[in-house]
>>> print(open('protein.cif').read())   # mmCIF, C-alpha atoms
data_start
#
loop_
_atom_site.group_PDB
_atom_site.id
_atom_site.type_symbol
_atom_site.label_atom_id
_atom_site.label_comp_id
_atom_site.auth_asym_id
_atom_site.auth_seq_id
_atom_site.Cartn_x
_atom_site.Cartn_y
_atom_site.Cartn_z
ATOM 1 C CA MET A 1 -17.177 13.909 -3.474
ATOM 2 C CA GLY A 2 -14.457 12.112 -1.511
ATOM 3 C CA LYS A 3 -11.149 10.886 -2.888
ATOM 4 C CA ILE A 4 -8.882 7.954 -2.132
ATOM 5 C CA TYR A 5 -5.222 9.036 -2.177
ATOM 6 C CA TYR A 6 -3.506 5.769 -3.041
ATOM 7 C CA MET A 7 0.160 5.498 -2.006
ATOM 8 C CA MET A 8 2.191 2.792 -3.690
ATOM 9 C CA GLY A 9 5.739 1.897 -4.519
ATOM 10 C CA LYS A 10 8.221 -0.912 -4.446
ATOM 11 C CA SER A 11 9.146 -2.483 -1.109
ATOM 12 C CA SER A 12 11.469 -0.343 1.033
ATOM 13 C CA SER A 13 10.595 2.818 -0.887
ATOM 14 C CA GLY A 14 9.607 4.435 2.403
ATOM 15 C CA LYS A 15 5.882 4.452 1.739
ATOM 16 C CA ASP A 16 4.958 3.166 5.227
ATOM 17 C CA THR A 17 6.910 5.976 6.914
ATOM 18 C CA LEU A 18 5.548 8.581 4.491
ATOM 19 C CA PHE A 19 2.028 7.239 4.995
ATOM 20 C CA LYS A 20 2.302 7.756 8.761
ATOM 21 C CA GLU A 21 3.744 11.246 8.314
ATOM 22 C CA VAL A 22 1.066 12.289 5.801
ATOM 23 C CA LYS A 23 -1.608 10.948 8.130
ATOM 24 C CA GLU A 24 -0.120 12.952 11.005
ATOM 25 C CA ALA A 25 0.028 16.121 8.885
ATOM 26 C CA LEU A 26 -3.493 15.624 7.489
ATOM 27 C CA PRO A 27 -5.458 13.907 10.284
ATOM 28 C CA GLU A 28 -8.740 14.563 8.499
ATOM 29 C CA LEU A 29 -7.834 11.797 6.030
ATOM 30 C CA LYS A 30 -9.354 8.472 6.983
ATOM 31 C CA THR A 31 -7.632 5.163 6.293
ATOM 32 C CA ILE A 32 -8.727 1.789 4.994
ATOM 33 C CA THR A 33 -7.197 -1.121 6.841
ATOM 34 C CA LEU A 34 -6.531 -4.136 4.633
ATOM 35 C CA TYR A 35 -6.752 -7.769 5.655
ATOM 36 C CA THR A 36 -3.892 -10.287 5.428
ATOM 37 C CA THR A 37 -3.102 -13.877 6.345
ATOM 38 C CA ARG A 38 0.619 -13.155 6.648
ATOM 39 C CA PRO A 39 2.188 -13.212 10.113
ATOM 40 C CA ILE A 40 2.388 -9.954 12.015
ATOM 41 C CA ARG A 41 5.853 -8.350 11.969
ATOM 42 C CA GLU A 42 7.632 -6.846 14.936
ATOM 43 C CA GLY A 43 6.337 -3.328 15.542
ATOM 44 C CA GLU A 44 3.036 -3.864 13.720
ATOM 45 C CA GLN A 45 -0.312 -3.616 15.486
ATOM 46 C CA GLU A 46 -3.525 -5.498 14.796
ATOM 47 C CA GLY A 47 -5.997 -3.216 13.030
ATOM 48 C CA VAL A 48 -3.390 -0.542 12.295
ATOM 49 C CA GLU A 49 -1.156 -1.831 9.497
ATOM 50 C CA TYR A 50 -3.542 -4.724 8.703
ATOM 51 C CA PHE A 51 -6.227 -6.927 10.153
ATOM 52 C CA PHE A 52 -4.287 -10.181 10.580
ATOM 53 C CA VAL A 53 -6.825 -12.933 9.869
ATOM 54 C CA SER A 54 -7.084 -16.635 9.128
ATOM 55 C CA GLU A 55 -7.846 -18.257 5.775
ATOM 56 C CA ASP A 56 -11.272 -19.160 7.162
ATOM 57 C CA THR A 57 -12.076 -15.508 7.859
ATOM 58 C CA LEU A 58 -11.157 -14.497 4.298
ATOM 59 C CA ASN A 59 -13.233 -17.390 2.931
ATOM 60 C CA THR A 60 -16.224 -16.142 4.946
ATOM 61 C CA TYR A 61 -15.871 -12.627 3.456
ATOM 62 C CA GLU A 62 -15.632 -14.154 -0.022
ATOM 63 C CA LYS A 63 -18.833 -16.157 0.504
ATOM 64 C CA GLN A 64 -20.547 -12.952 1.659
ATOM 65 C CA GLY A 65 -19.405 -11.149 -1.536
ATOM 66 C CA LYS A 66 -17.475 -8.523 0.432
ATOM 67 C CA ILE A 67 -14.045 -8.830 -1.212
ATOM 68 C CA ILE A 68 -13.235 -5.732 -3.290
ATOM 69 C CA GLU A 69 -9.764 -6.884 -4.285
ATOM 70 C CA PHE A 70 -7.673 -9.915 -3.402
ATOM 71 C CA ARG A 71 -4.042 -10.918 -3.926
ATOM 72 C CA ALA A 72 -2.108 -14.063 -3.031
ATOM 73 C CA TYR A 73 1.689 -14.272 -2.985
ATOM 74 C CA ASP A 74 3.560 -17.554 -2.993
ATOM 75 C CA THR A 75 6.344 -16.589 -0.585
ATOM 76 C CA VAL A 76 9.207 -18.697 0.696
ATOM 77 C CA HIS A 77 7.137 -19.031 3.904
ATOM 78 C CA GLY A 78 3.930 -20.154 2.205
ATOM 79 C CA VAL A 79 1.048 -18.343 0.539
ATOM 80 C CA TRP A 80 0.232 -14.932 2.035
ATOM 81 C CA LYS A 81 -3.075 -13.372 1.083
ATOM 82 C CA TYR A 82 -4.110 -9.708 1.135
ATOM 83 C CA ALA A 83 -7.586 -8.287 0.589
ATOM 84 C CA THR A 84 -9.615 -5.113 0.719
ATOM 85 C CA ILE A 85 -12.999 -5.878 2.215
ATOM 86 C CA ASP A 86 -16.227 -3.911 1.836
ATOM 87 C CA ASP A 87 -16.721 -3.831 5.608
ATOM 88 C CA GLY A 88 -18.177 -0.339 6.023
ATOM 89 C CA GLN A 89 -14.857 1.501 6.407
ATOM 90 C CA VAL A 90 -15.353 3.639 3.258
ATOM 91 C CA ASP A 91 -17.850 6.509 2.967
ATOM 92 C CA LEU A 92 -16.753 8.609 -0.022
ATOM 93 C CA GLU A 93 -19.722 10.939 0.310
ATOM 94 C CA ASN A 94 -18.363 12.262 3.607
ATOM 95 C CA ALA A 95 -14.604 11.671 3.744
ATOM 96 C CA ASP A 96 -11.278 11.460 1.928
ATOM 97 C CA TYR A 97 -8.973 8.488 2.457
ATOM 98 C CA LEU A 98 -5.267 7.700 2.473
ATOM 99 C CA VAL A 99 -4.345 4.128 1.527
ATOM 100 C CA ILE A 100 -1.204 2.080 0.859
ATOM 101 C CA GLY A 101 -1.287 -0.729 -1.687
ATOM 102 C CA THR A 102 0.159 -2.313 -4.778
ATOM 103 C CA LEU A 103 -0.340 -1.352 -8.396
ATOM 104 C CA GLU A 104 -2.609 -4.376 -8.824
ATOM 105 C CA SER A 105 -4.753 -3.433 -5.833
ATOM 106 C CA TYR A 106 -4.859 0.192 -7.030
ATOM 107 C CA ASP A 107 -6.363 -0.982 -10.324
ATOM 108 C CA LYS A 108 -9.021 -3.092 -8.602
ATOM 109 C CA ILE A 109 -9.934 -0.338 -6.131
ATOM 110 C CA ARG A 110 -10.113 2.119 -9.043
ATOM 111 C CA ARG A 111 -12.521 -0.183 -10.872
ATOM 112 C CA TYR A 112 -14.646 -0.664 -7.753
ATOM 113 C CA TYR A 113 -14.939 2.991 -6.685
ATOM 114 C CA GLY A 114 -14.306 4.705 -10.051
ATOM 115 C CA ALA A 115 -11.189 6.295 -11.558
ATOM 116 C CA ASP A 116 -12.434 9.786 -10.662
ATOM 117 C CA ARG A 117 -12.261 8.849 -6.970
ATOM 118 C CA LEU A 118 -8.632 7.635 -6.911
ATOM 119 C CA VAL A 119 -5.476 9.765 -6.907
ATOM 120 C CA PRO A 120 -2.278 7.712 -7.346
ATOM 121 C CA ILE A 121 0.763 8.665 -5.267
ATOM 122 C CA TYR A 122 3.700 6.630 -6.588
ATOM 123 C CA ILE A 123 6.806 6.659 -4.351
ATOM 124 C CA GLU A 124 10.123 6.023 -6.085
ATOM 125 C CA VAL A 125 13.605 5.187 -4.750
ATOM 126 C CA GLU A 126 16.710 4.151 -6.694
ATOM 127 C CA ASP A 127 16.973 0.337 -6.593
ATOM 128 C CA GLY A 128 20.397 0.174 -4.902
ATOM 129 C CA GLU A 129 19.229 2.449 -2.094
ATOM 130 C CA ARG A 130 16.002 0.498 -1.795
ATOM 131 C CA LEU A 131 17.890 -2.800 -1.469
ATOM 132 C CA MET A 132 20.123 -1.361 1.276
ATOM 133 C CA ARG A 133 17.054 -0.116 3.167
ATOM 134 C CA ALA A 134 15.383 -3.518 2.868
ATOM 135 C CA LEU A 135 18.474 -5.345 4.120
ATOM 136 C CA LYS A 136 18.842 -3.008 7.092
ATOM 137 C CA ARG A 137 15.185 -3.427 8.035
ATOM 138 C CA GLU A 138 15.394 -7.212 7.760
ATOM 139 C CA GLN A 139 18.535 -7.341 9.907
ATOM 140 C CA GLU A 140 16.568 -5.672 12.699
ATOM 141 C CA GLN A 141 14.022 -8.514 12.781
ATOM 142 C CA GLU A 142 14.376 -11.245 15.417
ATOM 143 C CA ALA A 143 14.303 -13.878 12.651
ATOM 144 C CA PRO A 144 15.413 -12.209 9.387
ATOM 145 C CA LYS A 145 13.779 -13.587 6.231
ATOM 146 C CA TYR A 146 16.394 -12.795 3.588
ATOM 147 C CA ALA A 147 14.993 -15.127 0.946
ATOM 148 C CA GLU A 148 11.618 -13.379 1.191
ATOM 149 C CA LEU A 149 13.362 -9.998 0.943
ATOM 150 C CA CYS A 150 14.956 -11.115 -2.336
ATOM 151 C CA ARG A 151 11.682 -12.497 -3.679
ATOM 152 C CA ARG A 152 9.874 -9.220 -2.921
ATOM 153 C CA PHE A 153 12.650 -7.143 -4.467
ATOM 154 C CA LEU A 154 12.559 -9.096 -7.733
ATOM 155 C CA ALA A 155 8.748 -9.270 -7.832
ATOM 156 C CA ASP A 156 8.523 -5.485 -7.414
ATOM 157 C CA THR A 157 10.758 -4.959 -10.441
ATOM 158 C CA LYS A 158 8.207 -6.836 -12.516
ATOM 159 C CA ASP A 159 5.064 -5.517 -10.812
ATOM 160 C CA PHE A 160 6.115 -1.842 -11.030
ATOM 161 C CA SER A 161 7.597 -2.031 -14.517
ATOM 162 C CA GLU A 162 7.444 1.095 -16.652
ATOM 163 C CA GLU A 163 4.943 -0.675 -18.909
ATOM 164 C CA ASN A 164 2.625 -1.457 -15.978
ATOM 165 C CA LEU A 165 2.888 2.080 -14.602
ATOM 166 C CA LYS A 166 1.962 3.439 -18.019
ATOM 167 C CA ASN A 167 -0.926 0.963 -18.438
ATOM 168 C CA PHE A 168 -2.444 2.063 -15.116
ATOM 169 C CA GLY A 169 -2.035 5.766 -15.894
ATOM 170 C CA ILE A 170 0.632 6.441 -13.258
ATOM 171 C CA GLN A 171 2.451 9.531 -14.498
ATOM 172 C CA LYS A 172 3.438 11.605 -11.492
ATOM 173 C CA ARG A 173 6.202 10.247 -9.271
ATOM 174 C CA PHE A 174 7.415 11.279 -5.857
ATOM 175 C CA LYS A 175 11.156 10.655 -5.471
ATOM 176 C CA ASN A 176 11.973 9.650 -1.904
ATOM 177 C CA ASP A 177 15.678 10.535 -1.912
ATOM 178 C CA ASP A 178 14.942 13.384 0.530
ATOM 179 C CA ARG A 179 12.100 12.376 2.848
ATOM 180 C CA THR A 180 11.243 15.912 3.997
ATOM 181 C CA ARG A 181 10.949 17.223 0.433
ATOM 182 C CA CYS A 182 9.031 14.114 -0.687
ATOM 183 C CA LEU A 183 6.608 14.478 2.221
ATOM 184 C CA GLU A 184 5.998 18.158 1.414
ATOM 185 C CA GLU A 185 5.311 17.313 -2.229
ATOM 186 C CA ILE A 186 2.806 14.603 -1.306
ATOM 187 C CA ILE A 187 1.008 16.849 1.179
ATOM 188 C CA GLY A 188 0.911 19.598 -1.449
ATOM 189 C CA GLU A 189 -0.567 17.187 -3.993
ATOM 190 C CA ILE A 190 -3.305 16.120 -1.580
ATOM 191 C CA ARG A 191 -4.124 19.671 -0.477
ATOM 192 C CA HIS A 192 -4.250 20.770 -4.129
ATOM 193 C CA GLY A 193 -6.588 17.860 -4.964
ATOM 194 C CA LYS A 194 -8.938 18.802 -2.148
ATOM 195 C CA LEU A 195 -9.377 22.434 -3.287
#
>>> encode(input="protein.cif", output="structure tokens")
Amino acid sequence: MGKIYYMMGKSSSGKDTLFKEVKEALPELKTITLYTTRPIREGEQEGVEYFFVSEDTLNTYEKQGKIIEFRAYDTVHGVWKYATIDDGQVDLENADYLVIGTLESYDKIRRYYGADRLVPIYIEVEDGERLMRALKREQEQEAPKYAELCRRFLADTKDFSEENLKNFGIQKRFKNDDRTRCLEEIIGEIRHGKL
């Protein structure tokens, strides 16, 4: 029986970097690429981080009944939508998966595939450090979006509240104050879960 190892954490917690490093260390893990209507960022690739699609494409998937989970965020640049689509990427009878998402998407994926199939991997970073990382990353963009950075930071505080973490059964945390140690702990958790 396959598992979905579901990485999540507040923005700028380092989950994207850790995801890539876990995937490199455990290449047997498959991934699930999400869909989004948000603009592609510098350094991202179509079909790698996301499938960057139009509203019309998402509407077509909805009409076909293929949306597993869906989120819309009213950003300072308009509404950005994210979705997991039942498009044939997942075969839990034959593979394990590594995924990045939000707490909300974790809950919907857990309901769709079953709680016994999902293993939460919650990445944590002290808020001051996280804010500095976010600012540095945004400064490297050709057109920094500082207002959106602030919106995401504040939204994450609410979304990943202690109450929400408790409600969704997130107990174990991986502190990303030392990336090498954090990576080793995550890999150990996945290897242990696959035994």
>>> closest_residue(input="protein.cif", among="A:Arg179, A:Arg111, A:Arg130, A:Arg41", to="Glu142 in chain A", atoms="only C-alpha atoms")
A:Arg41
>>> closest_atom_pairs(input="protein.cif", of="range 23-106 of chain A", to="range 180-189 of chain A", cutoff="12 Å", atoms="all atoms listed in the file", output="Markdown table")
| residue | atom | partner | partner_atom | distance |
| --- | --- | --- | --- | --- |
| A:Lys23 | CA | A:Ile187 | CA | 9.5 |
| A:Glu24 | CA | A:Ile187 | CA | 10.6 |
| A:Ala25 | CA | A:Ile187 | CA | 7.8 |
| A:Leu26 | CA | A:Ile187 | CA | 7.8 |
| A:Pro27 | CA | A:Ile187 | CA | 11.5 |
| A:Leu29 | CA | A:Ile187 | CA | 11.3 |
| A:Leu98 | CA | A:Ile187 | CA | 11.2 |
>>> closest_residue(input="protein.cif", among="A:Gln45, A:Asn59, A:Ser12, A:Thr31", to="Lys81 in chain A", atoms="all atoms listed in the file")
A:Asn59
>>> resolve_selection(input="protein.cif", expression="the PyMOL selection byres ((chain A and resi 153) around 10)", output="ChimeraX atom specification")
/A:10-12,127,130-131,134,147-152,154-158
>>> write_last_selection(input="protein.cif", atoms="C-alpha atoms", output="PDB file, in the frame of the given file")
ATOM      1  CA  LYS A  10       8.221  -0.912  -4.446  1.00  0.00           C
ATOM      2  CA  SER A  11       9.146  -2.483  -1.109  1.00  0.00           C
ATOM      3  CA  SER A  12      11.469  -0.343   1.033  1.00  0.00           C
ATOM      4  CA  ASP A 127      16.973   0.337  -6.593  1.00  0.00           C
ATOM      5  CA  ARG A 130      16.002   0.498  -1.795  1.00  0.00           C
ATOM      6  CA  LEU A 131      17.890  -2.800  -1.469  1.00  0.00           C
ATOM      7  CA  ALA A 134      15.383  -3.518   2.868  1.00  0.00           C
ATOM      8  CA  ALA A 147      14.993 -15.127   0.946  1.00  0.00           C
ATOM      9  CA  GLU A 148      11.618 -13.379   1.191  1.00  0.00           C
ATOM     10  CA  LEU A 149      13.362  -9.998   0.943  1.00  0.00           C
ATOM     11  CA  CYS A 150      14.956 -11.115  -2.336  1.00  0.00           C
ATOM     12  CA  ARG A 151      11.682 -12.497  -3.679  1.00  0.00           C
ATOM     13  CA  ARG A 152       9.874  -9.220  -2.921  1.00  0.00           C
ATOM     14  CA  LEU A 154      12.559  -9.096  -7.733  1.00  0.00           C
ATOM     15  CA  ALA A 155       8.748  -9.270  -7.832  1.00  0.00           C
ATOM     16  CA  ASP A 156       8.523  -5.485  -7.414  1.00  0.00           C
ATOM     17  CA  THR A 157      10.758  -4.959 -10.441  1.00  0.00           C
ATOM     18  CA  LYS A 158       8.207  -6.836 -12.516  1.00  0.00           C
TER      19      LYS A 158
END
>>> residues_around(input="protein.cif", residues="range 62-71 of chain A", least_positions_apart="5", cutoff="10 Å", atoms="only C-alpha atoms", output="list in words")
Leu34, Tyr35, Thr36, Asp56, Thr57, Trp80, Lys81, Tyr82, Ala83, Thr84, Ile85, Asp86, Asp87, Gly88, Thr102, Glu104, Ser105, Tyr106, Asp107, Lys108, Ile109, Arg111, Tyr112 and Tyr113 of chain A
>>> closest_residue(input="protein.cif", among="A:Gly9, A:Val22, A:Asp96, A:Ala115", to="Leu165 in chain A", atoms="only C-alpha atoms")
A:Gly9
>>> closest_residue(input="protein.cif", among="A:Asn94, A:Glu140, A:Thr37, A:Asp116", to="Tyr73 in chain A", atoms="all atoms listed in the file")
A:Thr37
>>> closest_residue(input="protein.cif", among="A:Tyr146, A:Asn164, A:Glu46, A:Met1", to="Thr75 in chain A", atoms="all atoms listed in the file")
A:Tyr146
>>> closest_residue(input="protein.cif", among="A:Ile170, A:Leu92, A:Val48, A:Ile40", to="Met7 in chain A", atoms="only C-alpha atoms")
A:Ile170
>>> atom_distance(input="protein.cif", atom1="CA of Glu93 in chain A", atom2="CA of Glu28 in chain A")
14.2 Å
>>> atom_distance(input="protein.cif", atom1="CA of Lys175 in chain A", atom2="CA of Lys145 in chain A")
27.0 Å
>>> decode(input="protein.cif", residues="range 135-177 of chain A", atoms="N, CA and C atoms", output="compact mmCIF listing (two decimals), in the first residue's frame")
# COMPACT_ATOMS: atom_id res chain seq x y z
N LEU A 135 11.84 38.00 2.63
CA LEU A 135 12.25 39.30 2.11
C LEU A 135 13.43 39.15 1.16
N LYS A 136 14.40 38.34 1.54
CA LYS A 136 15.56 38.11 0.68
C LYS A 136 15.15 37.50 -0.66
N ARG A 137 14.27 36.51 -0.60
CA ARG A 137 13.81 35.86 -1.84
C ARG A 137 13.07 36.85 -2.73
N GLU A 138 12.24 37.68 -2.13
CA GLU A 138 11.46 38.65 -2.91
C GLU A 138 12.35 39.70 -3.54
N GLN A 139 13.40 40.11 -2.83
CA GLN A 139 14.33 41.10 -3.36
C GLN A 139 15.06 40.60 -4.60
N GLU A 140 15.16 39.29 -4.75
CA GLU A 140 15.84 38.71 -5.90
C GLU A 140 14.95 38.65 -7.14
N GLN A 141 13.65 38.91 -6.98
CA GLN A 141 12.73 38.89 -8.11
C GLN A 141 12.90 40.16 -8.95
N GLU A 142 12.64 40.06 -10.24
CA GLU A 142 12.74 41.22 -11.13
C GLU A 142 11.75 42.30 -10.72
N ALA A 143 10.55 41.90 -10.33
CA ALA A 143 9.53 42.84 -9.85
C ALA A 143 9.03 42.35 -8.49
N PRO A 144 9.72 42.73 -7.41
CA PRO A 144 9.32 42.26 -6.07
C PRO A 144 7.88 42.62 -5.74
N LYS A 145 7.20 41.68 -5.08
CA LYS A 145 5.80 41.87 -4.69
C LYS A 145 5.73 41.84 -3.16
N TYR A 146 6.14 42.95 -2.55
CA TYR A 146 6.24 43.01 -1.09
C TYR A 146 4.88 42.93 -0.40
N ALA A 147 3.87 43.53 -0.99
CA ALA A 147 2.54 43.48 -0.38
C ALA A 147 2.04 42.04 -0.31
N GLU A 148 2.30 41.27 -1.38
CA GLU A 148 1.88 39.88 -1.40
C GLU A 148 2.68 39.07 -0.38
N LEU A 149 3.96 39.39 -0.21
CA LEU A 149 4.78 38.73 0.80
C LEU A 149 4.15 38.93 2.18
N CYS A 150 3.75 40.15 2.48
CA CYS A 150 3.13 40.45 3.78
C CYS A 150 1.80 39.72 3.95
N ARG A 151 0.99 39.70 2.89
CA ARG A 151 -0.29 39.00 2.96
C ARG A 151 -0.08 37.52 3.26
N ARG A 152 0.87 36.89 2.54
CA ARG A 152 1.14 35.47 2.76
C ARG A 152 1.63 35.21 4.18
N PHE A 153 2.52 36.07 4.66
CA PHE A 153 3.08 35.89 6.00
C PHE A 153 1.97 35.90 7.04
N LEU A 154 1.08 36.88 6.96
CA LEU A 154 -0.01 37.00 7.93
C LEU A 154 -1.03 35.87 7.77
N ALA A 155 -1.33 35.49 6.54
CA ALA A 155 -2.28 34.40 6.30
C ALA A 155 -1.76 33.08 6.87
N ASP A 156 -0.44 32.86 6.73
CA ASP A 156 0.15 31.62 7.25
C ASP A 156 0.03 31.51 8.76
N THR A 157 0.13 32.64 9.44
CA THR A 157 0.00 32.65 10.90
C THR A 157 -1.36 32.10 11.29
N LYS A 158 -2.37 32.50 10.54
CA LYS A 158 -3.73 32.02 10.82
C LYS A 158 -3.91 30.58 10.36
N ASP A 159 -3.49 30.30 9.12
CA ASP A 159 -3.71 28.97 8.54
C ASP A 159 -3.02 27.87 9.33
N PHE A 160 -1.77 28.13 9.78
CA PHE A 160 -1.00 27.13 10.52
C PHE A 160 -1.02 27.39 12.02
N SER A 161 -2.14 27.86 12.53
CA SER A 161 -2.26 28.10 13.96
C SER A 161 -2.13 26.79 14.72
N GLU A 162 -1.76 26.88 15.97
CA GLU A 162 -1.63 25.67 16.80
C GLU A 162 -2.96 24.91 16.85
N GLU A 163 -4.06 25.64 16.90
CA GLU A 163 -5.38 24.99 16.93
C GLU A 163 -5.62 24.20 15.65
N ASN A 164 -5.30 24.79 14.50
CA ASN A 164 -5.49 24.07 13.23
C ASN A 164 -4.58 22.86 13.13
N LEU A 165 -3.32 23.01 13.54
CA LEU A 165 -2.40 21.87 13.50
C LEU A 165 -2.95 20.73 14.35
N LYS A 166 -3.44 21.06 15.52
CA LYS A 166 -4.01 20.05 16.42
C LYS A 166 -5.24 19.40 15.79
N ASN A 167 -6.13 20.22 15.21
CA ASN A 167 -7.36 19.70 14.60
C ASN A 167 -7.09 18.73 13.46
N PHE A 168 -5.99 18.92 12.74
CA PHE A 168 -5.65 18.06 11.61
C PHE A 168 -4.68 16.95 12.01
N GLY A 169 -4.42 16.82 13.31
CA GLY A 169 -3.60 15.71 13.79
C GLY A 169 -2.12 15.84 13.50
N ILE A 170 -1.64 17.07 13.29
CA ILE A 170 -0.22 17.29 13.02
C ILE A 170 0.49 17.38 14.36
N GLN A 171 1.27 16.37 14.69
CA GLN A 171 1.98 16.35 15.96
C GLN A 171 3.48 16.51 15.78
N LYS A 172 4.04 15.73 14.88
CA LYS A 172 5.49 15.78 14.68
C LYS A 172 5.86 17.00 13.85
N ARG A 173 6.96 17.65 14.25
CA ARG A 173 7.44 18.83 13.55
C ARG A 173 8.91 18.66 13.21
N PHE A 174 9.29 19.22 12.08
CA PHE A 174 10.67 19.18 11.64
C PHE A 174 11.19 20.61 11.62
N LYS A 175 12.04 20.94 12.60
CA LYS A 175 12.58 22.30 12.71
C LYS A 175 13.66 22.51 11.66
N ASN A 176 13.48 23.53 10.83
CA ASN A 176 14.43 23.81 9.76
C ASN A 176 15.36 24.96 10.14
N ASP A 177 16.00 24.84 11.30
CA ASP A 177 17.02 25.82 11.69
C ASP A 177 18.42 25.32 11.31
